[in-house]
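Q: This is entry-v7.cif (mmCIF, C-alpha atoms and all ligand atoms).
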data_target
#
loop_
_atom_site.label_atom_id
_atom_site.label_comp_id
_atom_site.auth_asym_id
_atom_site.auth_seq_id
_atom_site.Cartn_x
_atom_site.Cartn_y
_atom_site.Cartn_z
CA MET B 272 0.00 0.00 0.00
CA LYS B 273 2.71 2.40 1.06
CA LEU B 274 4.73 1.62 -2.02
CA TRP B 275 1.70 2.17 -4.18
CA ILE B 276 1.13 5.61 -2.63
CA PHE B 277 4.78 6.41 -3.02
CA LEU B 278 4.74 5.46 -6.70
CA PHE B 279 1.54 7.34 -7.29
CA LEU B 280 2.90 10.50 -5.70
CA PHE B 281 6.21 10.13 -7.42
CA PHE B 282 4.73 9.86 -10.86
CA SER B 283 1.97 12.36 -10.33
CA ASN B 284 4.41 14.93 -9.00
CA PHE B 285 7.17 14.63 -11.47
CA ALA B 286 6.36 12.73 -14.58
CA PHE B 287 3.59 12.90 -17.11
CA ALA B 288 3.59 10.68 -20.15
CA ASN B 289 7.12 9.70 -19.11
CA SER B 290 8.36 12.83 -20.78
CA ILE B 291 7.36 15.84 -18.69
CA PHE B 292 9.36 16.49 -15.55
CA VAL B 293 8.61 19.17 -13.00
CA LYS B 294 11.02 20.62 -10.49
CA TYR B 295 10.05 23.15 -7.84
CA GLU B 296 12.67 25.41 -6.33
CA ASP B 297 10.85 25.55 -3.02
CA LYS B 298 8.74 23.08 -1.02
CA LYS B 299 6.07 25.62 -0.04
CA ILE B 300 5.70 26.74 -3.63
CA GLN B 301 5.37 23.10 -4.61
CA GLN B 302 2.56 22.52 -2.10
CA LYS B 303 0.74 25.60 -3.27
CA TYR B 304 1.12 25.28 -7.02
CA GLN B 305 1.33 21.58 -7.66
CA PRO B 306 -2.45 21.20 -8.10
CA TYR B 307 -2.42 23.88 -10.82
CA VAL B 308 0.59 22.36 -12.54
CA ASN B 309 -1.00 18.91 -12.44
CA GLU B 310 -4.26 20.28 -13.79
CA ALA B 311 -2.52 21.92 -16.73
CA LEU B 312 -0.34 18.88 -17.41
CA ASN B 313 -3.28 16.49 -17.24
CA TYR B 314 -5.01 18.61 -19.86
CA LEU B 315 -1.89 18.47 -21.98
CA ASN B 316 -1.48 14.77 -21.47
CA SER B 317 -5.04 13.87 -22.36
CA ASN B 318 -5.36 16.15 -25.39
CA PHE B 319 -1.97 16.70 -26.96
CA LYS B 320 0.17 13.74 -25.99
CA GLU B 321 1.13 12.99 -29.59
CA PHE B 322 2.59 16.46 -29.99
CA ILE B 323 5.02 16.01 -27.10
CA THR B 324 7.92 14.84 -29.23
CA GLU B 325 10.77 15.54 -26.82
CA PRO B 326 11.09 15.51 -23.03
CA ILE B 327 9.92 18.72 -21.38
CA ASN B 328 11.75 19.76 -18.21
CA ILE B 329 9.88 22.33 -16.21
CA LYS B 330 11.47 24.40 -13.45
CA ILE B 331 9.23 26.53 -11.28
CA ASP B 332 10.62 29.36 -9.20
CA ILE B 333 8.38 31.91 -7.52
CA SER B 334 10.35 34.04 -5.10
CA LYS B 335 11.04 37.68 -4.32
CA ASN B 336 14.62 37.42 -5.44
CA ASN B 337 13.75 35.93 -8.79
CA GLN B 338 13.89 38.80 -11.24
CA GLN B 339 14.11 36.62 -14.34
CA ASP B 340 11.31 36.40 -16.86
CA SER B 341 9.85 33.06 -17.85
CA PHE B 342 11.54 31.46 -20.82
CA VAL B 343 11.97 28.40 -22.95
CA LYS B 344 15.29 26.96 -23.99
CA TYR B 345 15.89 24.09 -26.35
CA ILE B 346 18.66 21.92 -24.99
CA ASN B 347 19.86 19.12 -27.27
CA ASN B 348 16.78 16.94 -27.67
CA SER B 349 14.72 18.36 -24.86
CA CYS B 350 12.74 21.49 -24.11
CA SER B 351 13.51 23.34 -20.92
CA VAL B 352 10.70 25.49 -19.52
CA ASN B 353 11.52 27.99 -16.80
CA ILE B 354 8.59 29.56 -15.01
CA ASN B 355 9.78 32.58 -13.07
CA PHE B 356 7.78 35.02 -10.99
CA SER B 357 8.94 37.46 -8.34
CA GLU B 358 5.50 38.05 -6.86
CA GLU B 359 2.19 36.26 -6.64
CA LYS B 360 0.15 39.02 -8.24
CA PRO B 361 -1.82 38.79 -11.46
CA HIS B 362 -0.93 40.95 -14.47
CA ILE B 363 -3.31 39.56 -17.07
CA PHE B 364 -6.26 37.84 -15.41
CA ASN B 365 -7.83 38.43 -12.04
CA LYS B 366 -6.14 35.60 -10.15
CA PHE B 367 -2.42 34.93 -9.99
CA THR B 368 -2.95 31.18 -10.30
CA ASP B 369 -4.64 31.83 -13.66
CA ASP B 370 -1.68 33.96 -14.82
CA PHE B 371 0.57 31.17 -13.61
CA GLU B 372 -1.25 28.43 -15.53
CA PHE B 373 -1.49 30.62 -18.60
CA VAL B 374 2.25 31.26 -18.63
CA LEU B 375 3.01 27.59 -17.95
CA LEU B 376 0.96 26.45 -20.95
CA HIS B 377 2.22 29.33 -23.08
CA GLU B 378 5.80 28.16 -22.52
CA ILE B 379 4.82 24.54 -23.14
CA GLY B 380 3.21 25.76 -26.37
CA HIS B 381 6.69 26.93 -27.44
CA CYS B 382 7.92 23.37 -26.77
CA LEU B 383 5.13 21.80 -28.80
CA LEU B 384 5.69 24.07 -31.77
CA ASN B 385 9.27 22.98 -31.56
CA LYS B 386 12.64 24.45 -32.34
CA ASN B 387 12.90 23.01 -35.81
CA ILE B 388 11.55 26.08 -37.50
CA PHE B 389 14.57 27.98 -36.18
CA LEU B 390 17.00 25.43 -37.47
CA SER B 391 15.98 24.65 -40.99
CA GLU B 392 15.56 26.74 -44.05
CA SER B 393 12.98 24.32 -45.28
CA PHE B 394 9.46 25.29 -46.05
CA PHE B 395 7.27 24.79 -43.01
CA TRP B 396 4.35 27.17 -43.48
CA ASP B 397 0.90 25.61 -43.56
CA ILE B 398 -0.64 28.57 -45.36
CA SER B 399 -0.14 29.25 -49.04
CA LEU B 400 2.38 31.97 -49.74
CA SER B 401 3.65 33.53 -52.92
CA ASP B 402 7.37 33.30 -53.73
CA SER B 403 7.83 36.96 -52.91
CA GLU B 404 6.07 36.50 -49.55
CA ILE B 405 8.35 33.56 -48.77
CA SER B 406 11.49 35.49 -49.52
CA TYR B 407 10.23 38.55 -47.62
CA LEU B 408 9.44 36.38 -44.59
CA LYS B 409 12.89 34.82 -44.82
CA SER B 410 14.47 38.27 -44.77
CA LEU B 411 12.67 38.94 -41.47
CA SER B 412 13.72 35.71 -39.86
CA ASN B 413 17.49 35.68 -40.00
CA LYS B 414 18.21 37.12 -36.57
CA VAL B 415 17.07 34.37 -34.25
CA GLU B 416 17.67 34.83 -30.57
CA LYS B 417 17.61 32.02 -28.09
CA PRO B 418 16.14 31.31 -25.62
CA ILE B 419 12.64 32.64 -26.18
CA THR B 420 12.13 34.89 -23.18
CA ASP B 421 8.67 36.10 -22.28
CA CYS B 422 8.01 39.21 -20.32
CA LEU B 423 4.63 40.16 -19.00
CA GLY B 424 3.62 43.78 -19.26
CA CYS B 425 6.92 45.05 -20.55
CA GLU B 426 7.58 46.61 -23.91
CA SER B 427 9.64 44.06 -25.70
CA LYS B 428 11.45 46.60 -27.95
CA LYS B 429 13.06 43.84 -29.94
CA ASP B 430 13.49 43.57 -33.67
CA PHE B 431 10.55 41.88 -35.23
CA ASN B 432 11.33 38.30 -36.10
CA VAL B 433 8.85 36.30 -38.16
CA LEU B 434 9.67 33.01 -36.46
CA ILE B 435 9.46 34.34 -32.93
CA ALA B 436 6.25 36.26 -33.67
CA TYR B 437 4.78 33.06 -35.09
CA HIS B 438 5.92 31.19 -31.98
CA GLU B 439 4.36 33.81 -29.68
CA ASN B 440 1.09 33.73 -31.61
CA PHE B 441 0.94 29.97 -31.38
CA ALA B 442 1.90 29.84 -27.69
CA ASP B 443 -0.84 32.35 -26.79
CA ILE B 444 -3.50 30.51 -28.79
CA PHE B 445 -2.43 27.16 -27.40
CA SER B 446 -2.63 28.41 -23.82
CA ILE B 447 -5.79 30.50 -24.12
CA ASN B 448 -7.58 27.52 -25.66
CA TYR B 449 -7.15 25.91 -22.24
CA MET B 450 -7.84 29.03 -20.17
CA ASN B 451 -11.08 29.53 -22.09
CA ASN B 452 -12.41 26.45 -20.26
CA LYS B 453 -11.94 28.29 -16.97
CA ASN B 454 -13.44 31.58 -18.01
CA LYS B 455 -15.01 32.43 -21.36
CA ASN B 456 -13.92 36.06 -21.00
CA TYR B 457 -10.24 35.19 -20.81
CA PRO B 458 -9.57 35.29 -24.57
CA ILE B 459 -10.86 38.86 -24.78
CA ILE B 460 -9.00 39.83 -21.59
CA LEU B 461 -5.78 38.48 -23.09
CA TYR B 462 -6.57 40.23 -26.37
CA ASN B 463 -6.87 43.58 -24.55
CA TYR B 464 -3.70 42.94 -22.59
CA ARG B 465 -1.63 42.03 -25.64
CA TYR B 466 -3.11 44.84 -27.73
CA SER B 467 -2.36 47.56 -25.19
CA ASN B 468 1.25 46.35 -24.90
CA PHE B 469 1.54 46.11 -28.68
CA LEU B 470 0.53 49.78 -29.05
CA LYS B 471 3.56 50.81 -26.97
CA SER B 472 5.97 49.69 -29.71
CA PRO B 473 4.04 48.31 -32.70
CA LEU B 474 7.09 48.00 -34.97
CA ASN B 475 9.54 46.56 -32.46
CA THR B 476 7.74 43.70 -30.89
CA ASN B 477 7.15 40.02 -31.35
CA TYR B 478 3.89 40.16 -29.37
CA ILE B 479 1.36 40.64 -32.12
CA SER B 480 -0.97 37.96 -30.87
CA HIS B 481 -3.99 40.28 -30.53
CA LEU B 482 -4.41 39.59 -34.27
CA ALA B 483 -4.31 35.84 -33.70
CA LEU B 484 -6.57 36.11 -30.64
CA GLU B 485 -9.17 37.95 -32.70
CA LYS B 486 -9.19 35.07 -35.19
CA PHE B 487 -9.28 32.56 -32.35
CA ILE B 488 -12.29 34.25 -30.70
CA ASN B 489 -14.18 34.25 -34.02
CA LEU B 490 -13.37 30.61 -34.69
CA LYS B 491 -13.67 29.13 -31.19
CA ASN B 492 -17.39 29.46 -30.49
CA ASN B 493 -17.49 26.34 -28.28
CA LYS B 494 -15.85 24.05 -30.81
CA GLU B 495 -12.58 22.27 -30.20
CA ILE B 496 -9.64 23.79 -32.00
CA LYS B 497 -6.98 21.45 -33.28
CA ILE B 498 -3.23 22.09 -33.32
CA ILE B 499 -3.18 22.53 -37.08
CA GLU B 500 -5.89 25.21 -36.82
CA MET B 501 -3.84 26.95 -34.12
CA LYS B 502 -0.80 26.91 -36.39
CA ILE B 503 -2.78 28.32 -39.29
CA ILE B 504 -4.28 31.11 -37.15
CA ALA B 505 -0.79 31.92 -35.85
CA GLN B 506 0.71 32.00 -39.34
CA GLU B 507 -2.11 33.93 -41.02
CA SER B 508 -2.12 36.63 -38.37
CA MET B 509 1.67 36.89 -38.52
CA LEU B 510 1.37 37.39 -42.29
CA ASN B 511 -1.37 40.01 -41.81
CA TYR B 512 0.89 41.90 -39.46
CA VAL B 513 3.78 41.75 -41.94
CA ASN B 514 1.59 42.95 -44.79
CA ILE B 515 -0.15 45.70 -42.88
CA PHE B 516 2.58 47.07 -40.64
CA LEU B 517 5.95 46.19 -42.05
CA LYS B 518 5.66 46.37 -45.81
CA ASN B 519 4.82 50.10 -45.73
CA ARG B 520 7.56 50.98 -43.27
CA GLN B 521 10.72 52.35 -44.82
ZN ZN X 601 6.34 33.22 -25.51
#
Since I need it in another form, could you write the structure as C-alpha cells?
A:
Amino acid sequence: MKLWIFLFLFFSNFAFANSIFVKYEDKKIQQKYQPYVNEALNYLNSNFKEFITEPINIKIDISKNNQQDSFVKYINNSCSVNINFSEEKPHIFNKFTDDFEFVLLHEIGHCLLNKNIFLSESFFWDISLSDSEISYLKSLSNKVEKPITDCLGCESKKDFNVLIAYHENFADIFSINYMNNKNKNYPIILYNYRYSNFLKSPLNTNYISHLALEKFINLKNNKEIKIIEMKIIAQESMLNYVNIFLKNRQ
C-alpha cells in the first residue's frame, strides 16, 4: 500500500507521459502550485500527448529574489521550460494562479511548436504563400535569438522576427484555448492585454498575438480547435501583421 502511494505521488508529482518532468525550487511553492501544474499537465497529457515529441523539463521558481522572466530553452533533444515570478500578483487575469497556468501552458506551447523552425531553411508554413512573400518572410527571420524569453507587461522593444512572432502567436493561442475552459472572458481579456502592450511599440515587438486572438475568438465558439488550426491562425495573423505594418515601413 505504502509503495503504491509512493509510486503514485512520485509519478503524479514529477512525470507525465514519461516525458514531462517538473522541479520546484521551493517546497512551499510546490505545495501551493502543484495542483495547478498537475491540472494543466493532465489537460496536456489527455489532449496533446502525440505532440510532445521531446522531453519537457519544467522548473518553477516563484520568489522575491527571482527577477528573471519566464523562458523556454531548447537543450539538445529536450525542451527546458523555466517559469519565473517574483510576486504572486496577477498581471493579465484576475487571479495569480490563472496567470501562472497561462504562462506555464504558453511556454509549453513553445515546446510543442518545436525548435525546428529555427534550425531549418525548409518550407514549413501551412498557409499558401507567394514566392515573394516567402522570400520577404525569410528576410525577417534571419536574426534568431535564443532562448525565447517572455516578459509580461513590458515593452519588448526587440526587432521583429517572423519566427518568434509566429511562436508567440501559437503559444498564446495554445494556452488560451485551455484558459477559455476556466473563463469564457479570458480570450478577450488576453486580447486587450496584448493589444495595449503592442501599441507601446508596434514596430519593435514580437507580441502581435492580438491579431491571432481575434481570429481565435471568431473561430472558437465552443468548438474544439486542433493544433493545425492553431498553427494556421498563428501564421495567417503573422502574415497580416507583416503585410499591414511592415511592408509600408521604410
Ligand atoms: Zn512566448
Q: Between B:Asn493, B:Asn456, B:Ser401, B:Ser480, which is the closest to ligand ZN 601 (chain X) once you count all atoms listed in the file?
A: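 Ranked by minimum distance to ligand ZN 601 (chain X), first place goes to B:Ser480.
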Q: Give the answer as one residue: which of B:Ser399, B:Ser412, B:Ser341, B:Thr476 has the shortest atom-to-atom distance to ligand ZN 601 (chain X), using all atoms listed in the file?
A: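 Ranking B:Ser399, B:Ser412, B:Ser341, B:Thr476 by distance to ligand ZN 601 (chain X), first place goes to B:Ser341.
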Q: Could the residues that lie within 8 Å of ligand ZN 601 (chain X), counting all atoms listed in the file, be listed as a PyMOL selection string?
A: chain B and resi 342-343+377-378+381+419-421+438-439+442-443
Q: What is the distance, in Å and to one decimal place, between atom CA of Gln506 of chain B and atom CA of Trp396 of chain B?
A: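 Here the two named atoms are 7.3 Å from each other.
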Q: Pick out the closest residue to Thr368 of chain B from this set: B:Val308, B:Leu434, B:Leu470, B:Ala483. Count only C-alpha atoms.
A: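 Answer, going by the shortest atom-to-atom distance: B:Val308.
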Q: Within 8 Å of Ile447 of chain B, counting only C-alpha atoms, which residues qualify if same-chain residues fewer than 6 places away don't, as JSON, numbers by chain?
A: {"B": [373, 457, 458]}
Q: For a quick check of understanding, using all atoms listed in the file, which of B:Asn318, B:Asn365, B:Asn475, B:Gln305 has the smallest distance to Phe445 of chain B?
A: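 For Phe445 of chain B, the nearest of the candidates is B:Asn318.
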Q: Please check which residues have atoms at most 9 Å from (3.9, 41.9, -31.1) in the file's coordinates, counting all atoms listed in the file, and write them as a PDB file with C-alpha atoms, in the frame of the given file.
A:
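Saved the output as out.pdb:
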ATOM      1  CA  SER B 427       9.640  44.060 -25.700  1.00  0.00           C
ATOM      2  CA  PHE B 431      10.550  41.880 -35.230  1.00  0.00           C
ATOM      3  CA  ALA B 436       6.250  36.260 -33.670  1.00  0.00           C
ATOM      4  CA  GLU B 439       4.360  33.810 -29.680  1.00  0.00           C
ATOM      5  CA  ASN B 440       1.090  33.730 -31.610  1.00  0.00           C
ATOM      6  CA  ARG B 465      -1.630  42.030 -25.640  1.00  0.00           C
ATOM      7  CA  TYR B 466      -3.110  44.840 -27.730  1.00  0.00           C
ATOM      8  CA  ASN B 468       1.250  46.350 -24.900  1.00  0.00           C
ATOM      9  CA  PHE B 469       1.540  46.110 -28.680  1.00  0.00           C
ATOM     10  CA  LEU B 470       0.530  49.780 -29.050  1.00  0.00           C
ATOM     11  CA  SER B 472       5.970  49.690 -29.710  1.00  0.00           C
ATOM     12  CA  PRO B 473       4.040  48.310 -32.700  1.00  0.00           C
ATOM     13  CA  LEU B 474       7.090  48.000 -34.970  1.00  0.00           C
ATOM     14  CA  ASN B 475       9.540  46.560 -32.460  1.00  0.00           C
ATOM     15  CA  THR B 476       7.740  43.700 -30.890  1.00  0.00           C
ATOM     16  CA  ASN B 477       7.150  40.020 -31.350  1.00  0.00           C
ATOM     17  CA  TYR B 478       3.890  40.160 -29.370  1.00  0.00           C
ATOM     18  CA  ILE B 479       1.360  40.640 -32.120  1.00  0.00           C
ATOM     19  CA  SER B 480      -0.970  37.960 -30.870  1.00  0.00           C
ATOM     20  CA  HIS B 481      -3.990  40.280 -30.530  1.00  0.00           C
ATOM     21  CA  TYR B 512       0.890  41.900 -39.460  1.00  0.00           C
TER      22      TYR B 512
END
Q: Measuring atom to atom with only C-alpha atoms, identify which of B:Ile388, B:Met450, B:Ile346, B:Leu400 is nearest to Tyr307 of chain B.
A: B:Met450
Q: Do a neighbour search on Leu315 of chain B at 10 Å with all atoms listed in the file, toss out local chain neighbours closer than 5 positions, and write the hits as number ranges by chain.
A: B: 287-288, 309-310, 320-323, 376, 379-380, 449
Q: For each of B:Asn451, B:Gln301, B:Asn328, B:Asn463, take the minimum atom-to-atom distance to Ser351 of chain B, counting all atoms listed in the file, then give the residue where this is smallest.
A: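 Using all atoms listed in the file, the shortest distance to Ser351 of chain B belongs to B:Asn328.
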Q: Just the number, please: distance in Å from atom CA of Asn353 of chain B to atom CA of Glu495 of chain B, one decimal.
A: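 So the answer is 28.2 Å.
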Q: Between atom CA of Asn348 of chain B and atom CA of Glu325 of chain B, what is the distance, to one decimal in Å?
A: 6.2 Å
Q: So that all listed atoms of segment 304-310 of chain B fit with 4 Å spare on each side, what axis-aligned box centre and edge lengths in Å, to one decimal, would you give as lines of an AutoDock Vina configuration file?
A:
center_x = -1.5
center_y = 22.1
center_z = -10.4
size_x = 13.6
size_y = 14.4
size_z = 14.8
Q: Report as a JSON list (two decimals) with C-alpha atoms, in the coordinates of the input all protein, DNA and RNA residues lying within 9 Å of Glu358 of chain B, evaluated on all atoms listed in the file, omitting residues in the same chain fewer than 3 positions from it.
A:
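Heads up, here's the output in selection.json:
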[["chain", "number", "residue", "atom", "x", "y", "z"],
["B", 333, "ILE", "CA", 8.38, 31.91, -7.52],
["B", 334, "SER", "CA", 10.35, 34.04, -5.10],
["B", 335, "LYS", "CA", 11.04, 37.68, -4.32],
["B", 337, "ASN", "CA", 13.75, 35.93, -8.79],
["B", 361, "PRO", "CA", -1.82, 38.79, -11.46]]
